[in-house]
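For reference, protein04.pdb is printed below; it contains PDB, C-alpha atoms, pLDDT in the B column.
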ATOM      1  CA  ALA A 101     -17.869 -67.608 -10.244  1.00 53.00           C
ATOM      2  CA  VAL A 102     -16.383 -64.229 -11.067  1.00 49.00           C
ATOM      3  CA  GLN A 103     -15.223 -63.969 -14.649  1.00 47.00           C
ATOM      4  CA  SER A 104     -11.864 -62.330 -15.065  1.00 44.00           C
ATOM      5  CA  SER A 105     -11.490 -59.991 -17.982  1.00 46.00           C
ATOM      6  CA  ALA A 106      -9.347 -61.220 -20.843  1.00 42.00           C
ATOM      7  CA  PRO A 107      -5.677 -60.284 -20.458  1.00 43.00           C
ATOM      8  CA  VAL A 108      -4.636 -57.266 -22.465  1.00 40.00           C
ATOM      9  CA  THR A 109      -2.063 -58.209 -25.070  1.00 42.00           C
ATOM     10  CA  ALA A 110       1.135 -56.246 -25.468  1.00 44.00           C
ATOM     11  CA  SER A 111      -0.138 -54.931 -28.790  1.00 53.00           C
ATOM     12  CA  GLY A 112      -3.072 -53.260 -27.058  1.00 73.00           C
ATOM     13  CA  THR A 113      -1.154 -51.208 -24.501  1.00 87.00           C
ATOM     14  CA  LEU A 114       1.632 -48.678 -24.660  1.00 92.00           C
ATOM     15  CA  PRO A 115       5.030 -50.409 -24.379  1.00 92.00           C
ATOM     16  CA  SER A 116       7.226 -49.133 -21.538  1.00 93.00           C
ATOM     17  CA  ARG A 117       9.740 -47.940 -24.186  1.00 95.00           C
ATOM     18  CA  TYR A 118       7.408 -44.967 -24.814  1.00 97.00           C
ATOM     19  CA  VAL A 119       6.357 -44.136 -21.242  1.00 96.00           C
ATOM     20  CA  GLY A 120       7.668 -40.868 -19.848  1.00 97.00           C
ATOM     21  CA  THR A 121       8.167 -37.221 -20.757  1.00 98.00           C
ATOM     22  CA  TRP A 122       9.796 -36.320 -24.066  1.00 98.00           C
ATOM     23  CA  GLU A 123      10.853 -32.935 -25.412  1.00 98.00           C
ATOM     24  CA  GLY A 124      12.266 -31.476 -28.611  1.00 98.00           C
ATOM     25  CA  GLU A 125      12.029 -28.702 -31.169  1.00 97.00           C
ATOM     26  CA  GLY A 126       9.190 -29.050 -33.649  1.00 96.00           C
ATOM     27  CA  SER A 127       8.889 -27.801 -37.196  1.00 96.00           C
ATOM     28  CA  GLY A 128       6.309 -27.805 -39.961  1.00 94.00           C
ATOM     29  CA  LEU A 129       6.195 -27.490 -43.738  1.00 94.00           C
ATOM     30  CA  GLY A 130       9.001 -30.004 -44.248  1.00 92.00           C
ATOM     31  CA  GLY A 131      11.261 -28.424 -41.637  1.00 92.00           C
ATOM     32  CA  THR A 132      10.988 -24.835 -42.902  1.00 94.00           C
ATOM     33  CA  LEU A 133       8.583 -23.527 -40.219  1.00 92.00           C
ATOM     34  CA  PRO A 134       9.944 -23.471 -36.640  1.00 94.00           C
ATOM     35  CA  MET A 135       7.121 -24.453 -34.275  1.00 94.00           C
ATOM     36  CA  GLY A 136       8.784 -24.127 -30.889  1.00 96.00           C
ATOM     37  CA  THR A 137       9.136 -26.740 -28.182  1.00 97.00           C
ATOM     38  CA  PHE A 138       7.066 -29.913 -28.157  1.00 98.00           C
ATOM     39  CA  ARG A 139       6.782 -31.602 -24.747  1.00 98.00           C
ATOM     40  CA  VAL A 140       4.930 -34.907 -24.722  1.00 98.00           C
ATOM     41  CA  THR A 141       3.950 -36.875 -21.648  1.00 98.00           C
ATOM     42  CA  LEU A 142       3.015 -40.490 -22.386  1.00 97.00           C
ATOM     43  CA  GLU A 143       1.531 -42.861 -19.839  1.00 96.00           C
ATOM     44  CA  ARG A 144       0.684 -46.523 -20.012  1.00 94.00           C
ATOM     45  CA  ALA A 145      -2.734 -46.769 -21.653  1.00 94.00           C
ATOM     46  CA  ALA A 146      -4.839 -49.306 -23.478  1.00 93.00           C
ATOM     47  CA  VAL A 147      -6.193 -48.648 -26.963  1.00 94.00           C
ATOM     48  CA  GLY A 148      -9.018 -46.114 -26.657  1.00 95.00           C
ATOM     49  CA  GLY A 149      -7.647 -44.771 -23.378  1.00 96.00           C
ATOM     50  CA  LYS A 150      -5.941 -41.475 -22.501  1.00 97.00           C
ATOM     51  CA  LEU A 151      -2.324 -41.717 -23.618  1.00 97.00           C
ATOM     52  CA  GLY A 152      -1.189 -38.346 -22.300  1.00 97.00           C
ATOM     53  CA  GLU A 153      -0.756 -34.844 -23.643  1.00 97.00           C
ATOM     54  CA  LEU A 154       1.291 -32.778 -26.034  1.00 97.00           C
ATOM     55  CA  ARG A 155       2.234 -29.259 -24.957  1.00 97.00           C
ATOM     56  CA  GLN A 156       3.536 -27.033 -27.731  1.00 96.00           C
ATOM     57  CA  THR A 157       5.177 -23.742 -26.710  1.00 96.00           C
ATOM     58  CA  ASP A 158       5.728 -21.544 -29.757  1.00 91.00           C
ATOM     59  CA  VAL A 159       8.611 -19.114 -30.257  1.00 86.00           C
ATOM     60  CA  LEU A 160       6.512 -16.264 -28.777  1.00 90.00           C
ATOM     61  CA  GLY A 161       5.605 -18.262 -25.659  1.00 93.00           C
ATOM     62  CA  GLY A 162       2.048 -19.158 -26.697  1.00 94.00           C
ATOM     63  CA  VAL A 163       0.995 -22.617 -25.501  1.00 96.00           C
ATOM     64  CA  CYS A 164      -1.309 -25.174 -27.140  1.00 95.00           C
ATOM     65  CA  VAL A 165      -2.210 -28.402 -25.338  1.00 97.00           C
ATOM     66  CA  ASP A 166      -3.460 -31.490 -27.183  1.00 97.00           C
ATOM     67  CA  GLU A 167      -4.992 -34.465 -25.426  1.00 97.00           C
ATOM     68  CA  LEU A 168      -3.806 -37.799 -26.810  1.00 98.00           C
ATOM     69  CA  THR A 169      -5.855 -41.003 -27.125  1.00 97.00           C
ATOM     70  CA  LEU A 170      -4.119 -44.280 -27.964  1.00 97.00           C
ATOM     71  CA  LYS A 171      -5.289 -45.627 -31.313  1.00 96.00           C
ATOM     72  CA  GLN A 172      -2.876 -48.391 -32.306  1.00 95.00           C
ATOM     73  CA  VAL A 173       0.391 -50.012 -31.230  1.00 94.00           C
ATOM     74  CA  THR A 174       2.595 -51.865 -33.728  1.00 93.00           C
ATOM     75  CA  SER A 175       6.163 -53.090 -33.537  1.00 91.00           C
ATOM     76  CA  LYS A 176       7.302 -49.984 -35.432  1.00 95.00           C
ATOM     77  CA  GLU A 177       5.178 -47.153 -34.044  1.00 96.00           C
ATOM     78  CA  VAL A 178       2.456 -45.882 -31.747  1.00 96.00           C
ATOM     79  CA  VAL A 179      -0.518 -44.135 -33.353  1.00 97.00           C
ATOM     80  CA  ALA A 180      -2.698 -41.709 -31.403  1.00 97.00           C
ATOM     81  CA  THR A 181      -5.529 -39.250 -31.942  1.00 97.00           C
ATOM     82  CA  SER A 182      -4.637 -35.701 -30.894  1.00 96.00           C
ATOM     83  CA  VAL A 183      -7.386 -33.203 -30.011  1.00 96.00           C
ATOM     84  CA  GLY A 184      -6.937 -29.615 -28.834  1.00 95.00           C
ATOM     85  CA  ALA A 185      -7.832 -29.008 -25.184  1.00 96.00           C
ATOM     86  CA  ASP A 186     -11.001 -26.992 -24.533  1.00 94.00           C
ATOM     87  CA  ASN A 187      -9.154 -24.106 -22.865  1.00 94.00           C
ATOM     88  CA  ASN A 188      -6.603 -23.517 -25.658  1.00 95.00           C
ATOM     89  CA  HIS A 189      -6.281 -20.041 -27.190  1.00 92.00           C
ATOM     90  CA  ALA A 190      -7.783 -19.334 -30.619  1.00 90.00           C
ATOM     91  CA  GLY A 191      -4.461 -19.842 -32.414  1.00 88.00           C
ATOM     92  CA  CYS A 192      -4.432 -23.551 -31.531  1.00 90.00           C
ATOM     93  CA  ASN A 193      -5.879 -26.197 -33.838  1.00 87.00           C
ATOM     94  CA  PRO A 194      -8.954 -27.713 -32.116  1.00 90.00           C
ATOM     95  CA  ASP A 195      -9.537 -30.421 -34.740  1.00 92.00           C
ATOM     96  CA  ALA A 196      -8.727 -34.072 -34.153  1.00 95.00           C
ATOM     97  CA  HIS A 197      -5.803 -35.420 -36.162  1.00 95.00           C
ATOM     98  CA  THR A 198      -3.581 -38.478 -36.208  1.00 97.00           C
ATOM     99  CA  ILE A 199      -0.083 -38.436 -34.759  1.00 97.00           C
ATOM    100  CA  ARG A 200       2.625 -41.092 -34.694  1.00 98.00           C
ATOM    101  CA  PHE A 201       5.593 -41.823 -32.456  1.00 98.00           C
ATOM    102  CA  ARG A 202       8.469 -43.927 -33.830  1.00 97.00           C
ATOM    103  CA  PRO A 203      11.587 -44.962 -31.895  1.00 97.00           C
ATOM    104  CA  THR A 204      14.690 -43.275 -33.348  1.00 96.00           C
ATOM    105  CA  GLY A 205      17.781 -44.376 -31.440  1.00 96.00           C
ATOM    106  CA  ASP A 206      17.043 -43.418 -27.830  1.00 96.00           C
ATOM    107  CA  ASP A 207      14.630 -40.723 -29.028  1.00 97.00           C
ATOM    108  CA  LEU A 208      11.119 -40.665 -30.469  1.00 98.00           C
ATOM    109  CA  THR A 209      10.189 -39.107 -33.785  1.00 98.00           C
ATOM    110  CA  TYR A 210       6.797 -37.361 -33.655  1.00 98.00           C
ATOM    111  CA  THR A 211       4.834 -36.787 -36.856  1.00 97.00           C
ATOM    112  CA  SER A 212       1.367 -35.323 -37.373  1.00 96.00           C
ATOM    113  CA  ASP A 213      -1.028 -35.459 -40.317  1.00 95.00           C
ATOM    114  CA  SER A 214      -2.464 -32.037 -39.412  1.00 90.00           C
ATOM    115  CA  SER A 215      -2.187 -30.159 -42.700  1.00 90.00           C
ATOM    116  CA  ALA A 216      -3.709 -27.076 -41.006  1.00 85.00           C
ATOM    117  CA  GLU A 217      -0.513 -26.877 -38.944  1.00 85.00           C
ATOM    118  CA  GLY A 218       1.886 -27.769 -41.772  1.00 91.00           C
ATOM    119  CA  ASN A 219       2.269 -31.465 -40.793  1.00 94.00           C
ATOM    120  CA  PRO A 220       4.495 -30.880 -37.736  1.00 94.00           C
ATOM    121  CA  GLU A 221       7.432 -33.143 -36.948  1.00 97.00           C
ATOM    122  CA  ALA A 222       9.778 -33.250 -33.970  1.00 97.00           C
ATOM    123  CA  ARG A 223      12.580 -35.416 -32.652  1.00 98.00           C
ATOM    124  CA  LEU A 224      11.948 -35.855 -28.955  1.00 98.00           C
ATOM    125  CA  SER A 225      14.472 -36.816 -26.296  1.00 98.00           C
ATOM    126  CA  LYS A 226      13.502 -38.303 -22.945  1.00 98.00           C
ATOM    127  CA  VAL A 227      13.461 -35.796 -20.090  1.00 97.00           C
ATOM    128  CA  PRO A 228      15.161 -37.241 -16.962  1.00 88.00           C
TER     129      PRO A 228
END
In structure tokens, write the structure found in this file.
Amino acid sequence: AVQSSAPVTASGTLPSRYVGTWEGEGSGLGGTLPMGTFRVTLERAAVGGKLGELRQTDVLGGVCVDELTLKQVTSKEVVATSVGADNNHAGCNPDAHTIRFRPTGDDLTYTSDSSAEGNPEARLSKVP
């Protein structure tokens, strides 16, 4: 007999509430440092799988791309690991750091624990 894999619980995959493309203006250092446009694409993923990517376009037009891996899903937030893409320019942070997405009305609030970047935050609205 073929064994079926155990069903994945809702807590182990990205809820549909988060799936899609989100965009907003980011800032660091408690809101004092404008960091340009944050565009996040989130896809349905299981914990440990590729969640999507974050594309940050700074005020001068420079782009940094981070690849996101799903770490944890709770009723209040989604936690992911964010790592700079290999082909980013030298001004991008290559180090892995933890980011969080929390529902805020119809939007998502993005926060990062990357102190090297001034702990960026952004309020992201869904892109139609």
Residue by residue, what does the PyMOL selection byres ((chain A and resi 138) around 7) grab here? Present the result as a compact mmCIF listing (two decimals) with C-alpha atoms, in the coordinates of the input.
# COMPACT_ATOMS: atom_id res chain seq x y z
CA GLU A 123 10.85 -32.94 -25.41
CA GLY A 124 12.27 -31.48 -28.61
CA GLU A 125 12.03 -28.70 -31.17
CA GLY A 126 9.19 -29.05 -33.65
CA GLY A 136 8.78 -24.13 -30.89
CA THR A 137 9.14 -26.74 -28.18
CA ARG A 139 6.78 -31.60 -24.75
CA VAL A 140 4.93 -34.91 -24.72
CA LEU A 154 1.29 -32.78 -26.03
CA ARG A 155 2.23 -29.26 -24.96
CA GLN A 156 3.54 -27.03 -27.73
CA THR A 157 5.18 -23.74 -26.71
What would the selection look like, as a list in words, if the PyMOL selection byres ((chain A and resi 225-228) around 10) were run on the coordinates I just shared?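 Here the PyMOL selection byres ((chain A and resi 225-228) around 10) matches Tyr118, Val119, Gly120, Thr121, Trp122, Glu123, Gly124, Glu125, Arg139, Val140, Thr141, Thr204, Gly205, Asp206, Asp207, Leu208, Thr209, Ala222, Arg223 and Leu224 of chain A.
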Quote the spacing between atom CA of A:Gly191 and atom CA of A:Lys171 in Å to one decimal place.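 We find that atom CA of A:Gly191 and atom CA of A:Lys171 lie 25.8 Å from each other.
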Hey, what's within 12 Å of A:Thr113 if we count only C-alpha atoms and toss same-chain stuff fewer than 4 positions away? As a ChimeraX atom specification, please? /A:107-109,117-119,142-151,169-175,178-180
My list of candidates is A:Ser116, A:Asn188, A:Ser127, A:Ser182. Which is closest to A:Glu217 when distances are computed with only C-alpha atoms? A:Ser127
To one decimal in Å, tell me the separation between atom CA of A:Glu153 and atom CA of A:Gly131.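 Going from atom CA of A:Glu153 over to atom CA of A:Gly131, I get 22.6 Å.
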As an exercise, work out the distance from atom CA of A:Ile199 to atom CA of A:Thr181 in Å and give it to one decimal place. 6.2 Å
Could you list, as a list in words, every residue matched by the PyMOL selection byres ((chain A and resi 195) around 7) in this structure?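 On the file shown, the PyMOL selection byres ((chain A and resi 195) around 7) covers Val183, Gly184, Asn193, Pro194, Ala196 and His197 of chain A.
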Between A:Ala185, A:Tyr210, A:Gly152, A:Met135, single out the one closest to A:Asp166, counting all atoms listed in the file.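 For A:Asp166, the nearest of the candidates is A:Ala185.
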Considering all atoms listed in the file, state which residue in the set A:Thr211, A:Asp158, A:Ala190, A:Arg200 is at the smallest distance from A:Lys176.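 Among the listed residues, A:Arg200 lies closest to A:Lys176.
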Distance criterion (all atoms listed in the file): nearest to A:Pro134 out of A:Asn187, A:Phe201, A:Val159, A:Ser212: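 Of all the options, A:Val159 lies closest to A:Pro134.
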Could you check which of A:Glu167, A:Ala216, A:Thr132, A:Arg202 is closest to A:Pro115, using all atoms listed in the file?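 The closest residue to A:Pro115 is A:Arg202.
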Proximity to A:Val165 - best of A:Asp186, A:Glu177, A:Gly112, A:Ser215, all atoms listed in the file: A:Asp186
